[in-house]
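Notes for the one structure printed next.
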Amino acid sequence: MTVPNITLNDGRTIPQLGFGVFQIDPSETKAATLTALEVGYRHIDTAEMYGNEKEVGEAIAESGIPREEVFVTSKLNNGFHAPQAAAENGKKSADLLGGYTDLFLIHWPLPTVSDFVPTWKALEELYHAGTARSIGVSNFQAHHLNRLAAETTITPAVNQIEVHPYLVQEDLRAYGQEHGIATEAWSPIAQGLVLDDETITRIARTTGKTPAQVVLRWHIQRGDIVFPKSVTRSRVEENFQIFDFELSDEDMTDITTLDKGHRTGPDPDTFDYVPA
């Protein structure tokens with residue numbers, strides 16, 4: 001199956017469906033990433049704080065797939081927001097992942113404990129050096145993005161945020177569309193919470209697909225970039241098989257109206273975790 005590409009505001013493209021390695025133990029990450037690449041994924045999402053960048057890099061190197069054919073995202077550790085530390089650790093991520101990152105993100109804004117504007121300026125330098133071929137942010141709210149627009153020169157290519165049928169984020173997604181910032185959806189099935197929803201299971205029955213496939217297809221048709229994770233090959237394959245059907249407009253509306261404003265993760269305005 002052919003995965004659609006999204007064109008970013010810097011002219012580069014990113015596969016709309018990827019494979020996430022959040023909460024995959026480093027000891028399992030290489031095998032899981034190799035499985036995803038064998039299935040057909042060409043977009044891998046990792047982060048410094050996941051502790052498994054090295055294993056992702058090893059899997060890509062051993063896969064036999066040219067590095068330039070795999071889009072790899074990583075994210076800055078919350079403990080390295082100081083500009084020099086951000087620059088050093090952006091280079092470290094690049095070295096672990098084949099010499100560069102396709103996309104490097106500020107993982108969290110941490111507005112109560114640091115200033116993300118100097119951090120972003122450090123990422124701009126990584127971009128100019130080619131260490132990060134695209135740069136973006138994760139978990140930024142509209143007011144955080146407005147600060148970047150007012151005080152820096154490069155618009156983030158993406159904003160990776162929590163999005164699922166119980167937290168549809170229409171306003172923040174609309175902000176992204178207006179300003180040319182692609183939306184990436186983490187926790188796309190709300191850690192499984194939405195899979196037993198009556199609306200989702202009804203649509204799954206009528207389409208002959210699983211609830212997870214229905215939700216991932218909803219993300220794709222909305223235009224968001226999504227990267228489900230699993231260490232089970234059958235699930236990795238299932239998550240990839242979402243391009244042979246379409247949801248109707250009614251199905252799309254029914255799923256979107258499930259919104260409850262429910263977060264499975266922290267509030268970006270108050271989250272202040274910095275690793276020791």
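Just remember, in the structure tokens the first chain shown is A, the second B, etc., residues are 1-based per chain, and ligands are 1-based in the order shown.
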
Residue neighbourhood segment 227-244 of chain A, 8 Å, only C-alpha atoms, exclusion window fewer than 2 positions, as a count of residues only: 30

Quick one: residues within 12 Å of Thr270 of chain A, only C-alpha atoms counted, chain neighbours fewer than 5 positions away excluded, as a PDB file with C-alpha atoms, in the first residue's frame?
```pdb
ATOM      1  CA  TRP A 108       7.544  20.127  25.482  1.00  0.00           C
ATOM      2  CA  PRO A 109       7.347  23.921  25.871  1.00  0.00           C
ATOM      3  CA  LEU A 110       7.928  23.784  29.659  1.00  0.00           C
ATOM      4  CA  PRO A 111       6.643  27.360  30.042  1.00  0.00           C
ATOM      5  CA  THR A 112       6.814  27.324  33.847  1.00  0.00           C
ATOM      6  CA  VAL A 113      10.472  26.281  34.084  1.00  0.00           C
ATOM      7  CA  SER A 114      12.285  27.599  31.002  1.00  0.00           C
ATOM      8  CA  ASN A 139       2.778  19.941  22.674  1.00  0.00           C
ATOM      9  CA  PHE A 140       2.762  23.665  21.876  1.00  0.00           C
ATOM     10  CA  GLN A 141      -0.437  25.633  22.355  1.00  0.00           C
ATOM     11  CA  GLY A 265      -1.341  13.062  28.882  1.00  0.00           C
TER      12      GLY A 265
END
```

Nearest candidate to Pro4 of chain A (options A:Ala59, A:Leu167, A:Met252, A:Ile220; using only C-alpha atoms):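 Looking at the shortest contact to Pro4 of chain A, the residue is A:Ile220.
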
Just list as an mmCIF file with N, CA, C and O atoms, in the first residue's frame whatever in segment 69-190 of chain A DSSP marks as helix (DSSP H, G or I).
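Once written, states_20.cif looks like this:
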```cif
data_model
loop_
_atom_site.group_PDB
_atom_site.id
_atom_site.type_symbol
_atom_site.label_atom_id
_atom_site.label_comp_id
_atom_site.auth_asym_id
_atom_site.auth_seq_id
_atom_site.Cartn_x
_atom_site.Cartn_y
_atom_site.Cartn_z
ATOM 1 N N GLU A 69 15.748 7.082 2.495
ATOM 2 C CA GLU A 69 14.394 6.603 2.232
ATOM 3 C C GLU A 69 13.570 6.420 3.497
ATOM 4 O O GLU A 69 12.395 6.026 3.436
ATOM 5 N N ASN A 78 13.804 17.210 27.680
ATOM 6 C CA ASN A 78 13.387 18.366 28.490
ATOM 7 C C ASN A 78 14.516 18.942 29.339
ATOM 8 O O ASN A 78 14.454 20.101 29.753
ATOM 9 N N GLY A 79 15.532 18.154 29.606
ATOM 10 C CA GLY A 79 16.633 18.631 30.431
ATOM 11 C C GLY A 79 17.664 19.447 29.682
ATOM 12 O O GLY A 79 18.619 19.940 30.288
ATOM 13 N N PHE A 80 17.468 19.623 28.360
ATOM 14 C CA PHE A 80 18.489 20.278 27.545
ATOM 15 C C PHE A 80 17.923 21.467 26.788
ATOM 16 O O PHE A 80 18.210 21.657 25.604
ATOM 17 N N PRO A 83 20.340 26.766 25.252
ATOM 18 C CA PRO A 83 20.713 26.736 23.831
ATOM 19 C C PRO A 83 21.914 25.858 23.495
ATOM 20 O O PRO A 83 21.869 25.087 22.531
ATOM 21 N N GLN A 84 22.998 25.949 24.257
ATOM 22 C CA GLN A 84 24.176 25.127 23.942
ATOM 23 C C GLN A 84 23.852 23.647 24.104
ATOM 24 O O GLN A 84 24.248 22.822 23.272
ATOM 25 N N ALA A 85 23.119 23.301 25.165
ATOM 26 C CA ALA A 85 22.752 21.905 25.383
ATOM 27 C C ALA A 85 21.816 21.414 24.281
ATOM 28 O O ALA A 85 21.930 20.268 23.825
ATOM 29 N N ALA A 86 20.916 22.277 23.838
ATOM 30 C CA ALA A 86 20.004 21.899 22.758
ATOM 31 C C ALA A 86 20.780 21.603 21.481
ATOM 32 O O ALA A 86 20.517 20.608 20.775
ATOM 33 N N ALA A 87 21.755 22.460 21.181
ATOM 34 C CA ALA A 87 22.563 22.256 19.986
ATOM 35 C C ALA A 87 23.374 20.970 20.083
ATOM 36 O O ALA A 87 23.437 20.179 19.122
ATOM 37 N N GLU A 88 23.991 20.735 21.234
ATOM 38 C CA GLU A 88 24.811 19.532 21.407
ATOM 39 C C GLU A 88 23.980 18.265 21.319
ATOM 40 O O GLU A 88 24.395 17.278 20.699
ATOM 41 N N ASN A 89 22.802 18.286 21.930
ATOM 42 C CA ASN A 89 21.999 17.076 21.940
ATOM 43 C C ASN A 89 21.257 16.866 20.626
ATOM 44 O O ASN A 89 20.966 15.733 20.259
ATOM 45 N N GLY A 90 20.978 17.938 19.898
ATOM 46 C CA GLY A 90 20.456 17.774 18.555
ATOM 47 C C GLY A 90 21.456 17.079 17.655
ATOM 48 O O GLY A 90 21.099 16.218 16.843
ATOM 49 N N LYS A 91 22.751 17.445 17.819
ATOM 50 C CA LYS A 91 23.816 16.779 17.058
ATOM 51 C C LYS A 91 23.956 15.321 17.490
ATOM 52 O O LYS A 91 24.161 14.427 16.656
ATOM 53 N N LYS A 92 23.837 15.057 18.796
ATOM 54 C CA LYS A 92 23.939 13.680 19.292
ATOM 55 C C LYS A 92 22.831 12.812 18.707
ATOM 56 O O LYS A 92 23.084 11.678 18.266
ATOM 57 N N SER A 93 21.605 13.332 18.687
ATOM 58 C CA SER A 93 20.504 12.568 18.088
ATOM 59 C C SER A 93 20.792 12.277 16.623
ATOM 60 O O SER A 93 20.575 11.162 16.139
ATOM 61 N N ALA A 94 21.280 13.290 15.911
ATOM 62 C CA ALA A 94 21.588 13.103 14.491
ATOM 63 C C ALA A 94 22.622 12.004 14.297
ATOM 64 O O ALA A 94 22.484 11.140 13.411
ATOM 65 N N ASP A 95 23.653 11.992 15.125
ATOM 66 C CA ASP A 95 24.707 10.982 15.002
ATOM 67 C C ASP A 95 24.154 9.579 15.239
ATOM 68 O O ASP A 95 24.558 8.619 14.563
ATOM 69 N N LEU A 96 23.243 9.445 16.192
ATOM 70 C CA LEU A 96 22.667 8.138 16.494
ATOM 71 C C LEU A 96 21.716 7.652 15.401
ATOM 72 O O LEU A 96 21.493 6.448 15.260
ATOM 73 N N PHE A 116 11.274 28.784 26.007
ATOM 74 C CA PHE A 116 11.461 27.958 24.812
ATOM 75 C C PHE A 116 11.926 28.757 23.595
ATOM 76 O O PHE A 116 12.322 28.157 22.589
ATOM 77 N N VAL A 117 11.910 30.079 23.662
ATOM 78 C CA VAL A 117 12.338 30.868 22.502
ATOM 79 C C VAL A 117 13.835 30.696 22.221
ATOM 80 O O VAL A 117 14.230 30.406 21.079
ATOM 81 N N PRO A 118 14.737 30.857 23.206
ATOM 82 C CA PRO A 118 16.149 30.581 22.931
ATOM 83 C C PRO A 118 16.395 29.135 22.501
ATOM 84 O O PRO A 118 17.290 28.871 21.691
ATOM 85 N N THR A 119 15.595 28.211 23.042
ATOM 86 C CA THR A 119 15.718 26.810 22.638
ATOM 87 C C THR A 119 15.397 26.662 21.156
ATOM 88 O O THR A 119 16.104 25.968 20.408
ATOM 89 N N TRP A 120 14.329 27.327 20.730
ATOM 90 C CA TRP A 120 13.951 27.262 19.311
ATOM 91 C C TRP A 120 15.036 27.868 18.428
ATOM 92 O O TRP A 120 15.337 27.330 17.346
ATOM 93 N N LYS A 121 15.656 28.927 18.885
ATOM 94 C CA LYS A 121 16.726 29.543 18.091
ATOM 95 C C LYS A 121 17.901 28.582 17.934
ATOM 96 O O LYS A 121 18.573 28.574 16.890
ATOM 97 N N ALA A 122 18.143 27.743 18.941
ATOM 98 C CA ALA A 122 19.184 26.720 18.813
ATOM 99 C C ALA A 122 18.792 25.694 17.756
ATOM 100 O O ALA A 122 19.642 25.225 16.970
ATOM 101 N N LEU A 123 17.506 25.346 17.696
ATOM 102 C CA LEU A 123 17.041 24.419 16.657
ATOM 103 C C LEU A 123 17.151 25.056 15.272
ATOM 104 O O LEU A 123 17.446 24.358 14.280
ATOM 105 N N GLU A 124 16.934 26.354 15.193
ATOM 106 C CA GLU A 124 17.115 27.031 13.910
ATOM 107 C C GLU A 124 18.554 26.870 13.416
ATOM 108 O O GLU A 124 18.794 26.675 12.206
ATOM 109 N N GLU A 125 19.514 26.916 14.334
ATOM 110 C CA GLU A 125 20.912 26.727 13.937
ATOM 111 C C GLU A 125 21.157 25.294 13.473
ATOM 112 O O GLU A 125 21.911 25.060 12.519
ATOM 113 N N LEU A 126 20.532 24.321 14.139
ATOM 114 C CA LEU A 126 20.640 22.931 13.694
ATOM 115 C C LEU A 126 20.080 22.779 12.283
ATOM 116 O O LEU A 126 20.620 22.044 11.452
ATOM 117 N N TYR A 127 18.996 23.488 12.005
ATOM 118 C CA TYR A 127 18.394 23.455 10.674
ATOM 119 C C TYR A 127 19.330 24.065 9.632
ATOM 120 O O TYR A 127 19.576 23.478 8.569
ATOM 121 N N HIS A 128 19.898 25.203 9.939
ATOM 122 C CA HIS A 128 20.790 25.870 8.991
ATOM 123 C C HIS A 128 22.040 25.036 8.720
ATOM 124 O O HIS A 128 22.602 25.073 7.612
ATOM 125 N N ALA A 129 22.461 24.258 9.732
ATOM 126 C CA ALA A 129 23.649 23.410 9.573
ATOM 127 C C ALA A 129 23.339 22.107 8.845
ATOM 128 O O ALA A 129 24.263 21.384 8.474
ATOM 129 N N ALA A 142 -1.476 27.388 21.007
ATOM 130 C CA ALA A 142 -1.457 28.509 20.064
ATOM 131 C C ALA A 142 -0.671 29.694 20.614
ATOM 132 O O ALA A 142 0.068 30.361 19.872
ATOM 133 N N HIS A 143 -0.792 29.979 21.902
ATOM 134 C CA HIS A 143 -0.080 31.138 22.443
ATOM 135 C C HIS A 143 1.422 30.900 22.477
ATOM 136 O O HIS A 143 2.215 31.850 22.351
ATOM 137 N N HIS A 144 1.855 29.652 22.613
ATOM 138 C CA HIS A 144 3.293 29.355 22.504
ATOM 139 C C HIS A 144 3.760 29.594 21.074
ATOM 140 O O HIS A 144 4.836 30.176 20.840
ATOM 141 N N LEU A 145 2.970 29.160 20.115
ATOM 142 C CA LEU A 145 3.321 29.338 18.705
ATOM 143 C C LEU A 145 3.338 30.820 18.330
ATOM 144 O O LEU A 145 4.173 31.249 17.522
ATOM 145 N N ASN A 146 2.432 31.581 18.913
ATOM 146 C CA ASN A 146 2.422 33.021 18.642
ATOM 147 C C ASN A 146 3.722 33.682 19.109
ATOM 148 O O ASN A 146 4.233 34.599 18.458
ATOM 149 N N ARG A 147 4.254 33.240 20.248
ATOM 150 C CA ARG A 147 5.536 33.786 20.717
ATOM 151 C C ARG A 147 6.646 33.479 19.724
ATOM 152 O O ARG A 147 7.484 34.332 19.420
ATOM 153 N N LEU A 148 6.683 32.247 19.227
ATOM 154 C CA LEU A 148 7.711 31.899 18.244
ATOM 155 C C LEU A 148 7.578 32.766 16.999
ATOM 156 O O LEU A 148 8.580 33.241 16.453
ATOM 157 N N ALA A 149 6.339 32.967 16.557
ATOM 158 C CA ALA A 149 6.123 33.777 15.355
ATOM 159 C C ALA A 149 6.613 35.212 15.554
ATOM 160 O O ALA A 149 7.150 35.832 14.633
ATOM 161 N N ALA A 150 6.450 35.737 16.764
ATOM 162 C CA ALA A 150 6.820 37.123 17.039
ATOM 163 C C ALA A 150 8.312 37.307 17.279
ATOM 164 O O ALA A 150 8.857 38.385 17.018
ATOM 165 N N GLU A 151 8.998 36.249 17.762
ATOM 166 C CA GLU A 151 10.365 36.429 18.254
ATOM 167 C C GLU A 151 11.420 35.621 17.514
ATOM 168 O O GLU A 151 12.620 35.720 17.836
ATOM 169 N N GLU A 170 -9.684 20.800 17.466
ATOM 170 C CA GLU A 170 -10.039 21.514 16.247
ATOM 171 C C GLU A 170 -9.430 22.913 16.182
ATOM 172 O O GLU A 170 -8.951 23.338 15.120
ATOM 173 N N ASP A 171 -9.441 23.644 17.281
ATOM 174 C CA ASP A 171 -8.913 25.012 17.257
ATOM 175 C C ASP A 171 -7.413 25.029 16.991
ATOM 176 O O ASP A 171 -6.917 25.837 16.195
ATOM 177 N N LEU A 172 -6.673 24.145 17.657
ATOM 178 C CA LEU A 172 -5.224 24.118 17.485
ATOM 179 C C LEU A 172 -4.851 23.597 16.095
ATOM 180 O O LEU A 172 -3.898 24.082 15.470
ATOM 181 N N ARG A 173 -5.591 22.638 15.593
ATOM 182 C CA ARG A 173 -5.364 22.150 14.234
ATOM 183 C C ARG A 173 -5.649 23.258 13.216
ATOM 184 O O ARG A 173 -4.918 23.427 12.234
ATOM 185 N N ALA A 174 -6.702 24.030 13.458
ATOM 186 C CA ALA A 174 -7.036 25.137 12.558
ATOM 187 C C ALA A 174 -5.935 26.196 12.575
ATOM 188 O O ALA A 174 -5.595 26.762 11.526
ATOM 189 N N TYR A 175 -5.378 26.459 13.745
ATOM 190 C CA TYR A 175 -4.247 27.388 13.840
ATOM 191 C C TYR A 175 -3.099 26.889 12.972
ATOM 192 O O TYR A 175 -2.480 27.653 12.221
ATOM 193 N N GLY A 176 -2.813 25.603 13.071
ATOM 194 C CA GLY A 176 -1.745 25.030 12.267
ATOM 195 C C GLY A 176 -1.999 25.183 10.779
ATOM 196 O O GLY A 176 -1.112 25.570 10.012
ATOM 197 N N GLN A 177 -3.229 24.901 10.357
ATOM 198 C CA GLN A 177 -3.568 25.032 8.941
ATOM 199 C C GLN A 177 -3.408 26.476 8.472
ATOM 200 O O GLN A 177 -2.892 26.740 7.378
ATOM 201 N N GLU A 178 -3.822 27.410 9.301
ATOM 202 C CA GLU A 178 -3.731 28.830 8.934
ATOM 203 C C GLU A 178 -2.286 29.297 8.790
ATOM 204 O O GLU A 178 -1.981 30.155 7.948
ATOM 205 N N HIS A 179 -1.388 28.706 9.593
ATOM 206 C CA HIS A 179 -0.005 29.171 9.613
ATOM 207 C C HIS A 179 0.959 28.200 8.934
ATOM 208 O O HIS A 179 2.184 28.373 9.035
ATOM 209 N N ALA A 190 -6.049 7.170 21.948
ATOM 210 C CA ALA A 190 -6.284 7.514 23.363
ATOM 211 C C ALA A 190 -5.907 6.355 24.291
ATOM 212 O O ALA A 190 -6.629 6.025 25.230
#
```

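Backbone DSSP over segment 25-268 of chain A yields strand (DSSP E) at His43, Ile44, Asp45, Phe71, Val72, Thr73, Ser74, Lys75, Leu76, Leu103, Phe104, Leu105, Ile106, Ile135, Gly136, Val137, Ser138, Val158, Asn159, Gln160, Ile161, Glu162, Ala182, Thr183, Glu184, Ala185, Trp186, Ile225 and Val226 of chain A.
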
Please produce a file of the residues just selected, as a short mmCIF file (atom, residue, chain, number, x, y, z; two decimals), in the first residue's frame, where the atoms kept are N, CA, C and O atoms.
```
data_model
loop_
_atom_site.label_atom_id
_atom_site.label_comp_id
_atom_site.auth_asym_id
_atom_site.auth_seq_id
_atom_site.Cartn_x
_atom_site.Cartn_y
_atom_site.Cartn_z
N HIS A 43 8.68 5.86 8.05
CA HIS A 43 8.65 7.02 8.94
C HIS A 43 8.69 6.48 10.36
O HIS A 43 7.80 5.73 10.77
N ILE A 44 9.73 6.84 11.12
CA ILE A 44 9.91 6.37 12.49
C ILE A 44 9.97 7.59 13.41
O ILE A 44 10.69 8.56 13.14
N ASP A 45 9.21 7.53 14.50
CA ASP A 45 9.16 8.64 15.46
C ASP A 45 9.75 8.18 16.80
O ASP A 45 9.22 7.27 17.43
N PHE A 71 12.21 8.42 6.91
CA PHE A 71 12.03 9.71 7.57
C PHE A 71 12.06 9.46 9.08
O PHE A 71 11.24 8.71 9.60
N VAL A 72 13.00 10.10 9.77
CA VAL A 72 13.18 9.85 11.20
C VAL A 72 13.01 11.15 11.98
O VAL A 72 13.68 12.15 11.71
N THR A 73 12.13 11.11 12.96
CA THR A 73 11.88 12.23 13.87
C THR A 73 12.46 11.92 15.23
O THR A 73 12.33 10.80 15.73
N SER A 74 13.10 12.90 15.86
CA SER A 74 13.42 12.80 17.28
C SER A 74 13.07 14.12 17.95
O SER A 74 12.71 15.10 17.28
N LYS A 75 13.20 14.12 19.27
CA LYS A 75 12.75 15.28 20.06
C LYS A 75 13.75 15.57 21.16
O LYS A 75 14.33 14.66 21.75
N LEU A 76 13.90 16.84 21.45
CA LEU A 76 14.86 17.31 22.44
C LEU A 76 14.43 16.92 23.85
O LEU A 76 13.29 17.14 24.27
N LEU A 103 13.51 15.33 11.11
CA LEU A 103 12.69 16.28 11.84
C LEU A 103 13.11 16.24 13.30
O LEU A 103 13.18 15.17 13.90
N PHE A 104 13.43 17.40 13.86
CA PHE A 104 13.81 17.49 15.27
C PHE A 104 12.89 18.47 15.95
O PHE A 104 12.68 19.59 15.46
N LEU A 105 12.33 18.05 17.08
CA LEU A 105 11.29 18.82 17.76
C LEU A 105 11.71 19.23 19.17
O LEU A 105 12.43 18.49 19.85
N ILE A 106 11.22 20.37 19.63
CA ILE A 106 11.19 20.65 21.06
C ILE A 106 10.06 19.79 21.63
O ILE A 106 8.90 19.94 21.23
N ILE A 135 12.56 21.28 11.32
CA ILE A 135 12.43 21.47 12.77
C ILE A 135 10.98 21.80 13.10
O ILE A 135 10.25 22.37 12.29
N GLY A 136 10.59 21.42 14.31
CA GLY A 136 9.23 21.67 14.73
C GLY A 136 9.12 21.61 16.24
O GLY A 136 10.12 21.62 16.96
N VAL A 137 7.89 21.55 16.69
CA VAL A 137 7.61 21.55 18.12
C VAL A 137 6.61 20.44 18.45
O VAL A 137 5.97 19.87 17.56
N SER A 138 6.49 20.17 19.72
CA SER A 138 5.55 19.17 20.19
C SER A 138 4.87 19.71 21.44
O SER A 138 5.53 20.31 22.30
N VAL A 158 6.06 21.33 11.97
CA VAL A 158 4.97 20.54 12.55
C VAL A 158 4.77 20.93 14.00
O VAL A 158 5.66 21.48 14.65
N ASN A 159 3.59 20.60 14.51
CA ASN A 159 3.29 20.62 15.93
C ASN A 159 2.73 19.25 16.26
O ASN A 159 1.65 18.89 15.77
N GLN A 160 3.46 18.50 17.04
CA GLN A 160 3.02 17.15 17.42
C GLN A 160 2.26 17.25 18.75
O GLN A 160 2.83 17.62 19.77
N ILE A 161 0.97 16.94 18.71
CA ILE A 161 0.10 17.14 19.87
C ILE A 161 -0.76 15.92 20.11
O ILE A 161 -0.93 15.08 19.22
N GLU A 162 -1.30 15.83 21.30
CA GLU A 162 -2.25 14.74 21.58
C GLU A 162 -3.54 14.98 20.80
O GLU A 162 -4.18 16.02 20.96
N ALA A 182 2.00 21.67 10.01
CA ALA A 182 1.32 20.38 9.96
C ALA A 182 1.06 19.85 11.37
O ALA A 182 1.88 20.07 12.28
N THR A 183 -0.05 19.16 11.54
CA THR A 183 -0.38 18.56 12.83
C THR A 183 -0.02 17.09 12.83
O THR A 183 -0.40 16.34 11.93
N GLU A 184 0.74 16.69 13.84
CA GLU A 184 1.00 15.27 14.09
C GLU A 184 0.23 14.87 15.33
O GLU A 184 0.17 15.62 16.31
N ALA A 185 -0.35 13.67 15.31
CA ALA A 185 -1.20 13.21 16.39
C ALA A 185 -0.51 12.12 17.21
O ALA A 185 -0.25 11.03 16.69
N TRP A 186 -0.22 12.43 18.49
CA TRP A 186 0.25 11.35 19.36
C TRP A 186 -0.91 10.87 20.23
O TRP A 186 -1.91 11.56 20.38
N ILE A 225 -0.81 13.72 10.58
CA ILE A 225 0.24 12.72 10.51
C ILE A 225 0.14 11.88 11.78
O ILE A 225 -0.01 12.41 12.88
N VAL A 226 0.22 10.57 11.63
CA VAL A 226 -0.05 9.69 12.77
C VAL A 226 0.98 8.57 12.79
O VAL A 226 1.44 8.11 11.74
#
```

Calculated over only C-alpha atoms, which of the candidates A:Ala157, A:Ile6, A:Met49, A:Ile255 has the smallest distance to Leu195 of chain A?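 For Leu195 of chain A, the nearest of the given residues is A:Ile255.
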
Non-local contacts of Thr199 of chain A (9 Å; only C-alpha atoms; under 2 positions in same chain excluded) as a list in words: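 After dropping sequence-adjacent residues, the list is Asp196, Asp197, Thr201, Arg202, Ile203, Ala204, Asp251, Asp254, Ile255 and Leu258 of chain A.
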
Could you check how far atom CA of Asp224 of chain A sits from atom CA of Val163 of chain A, in Å to one decimal? 9.2 Å
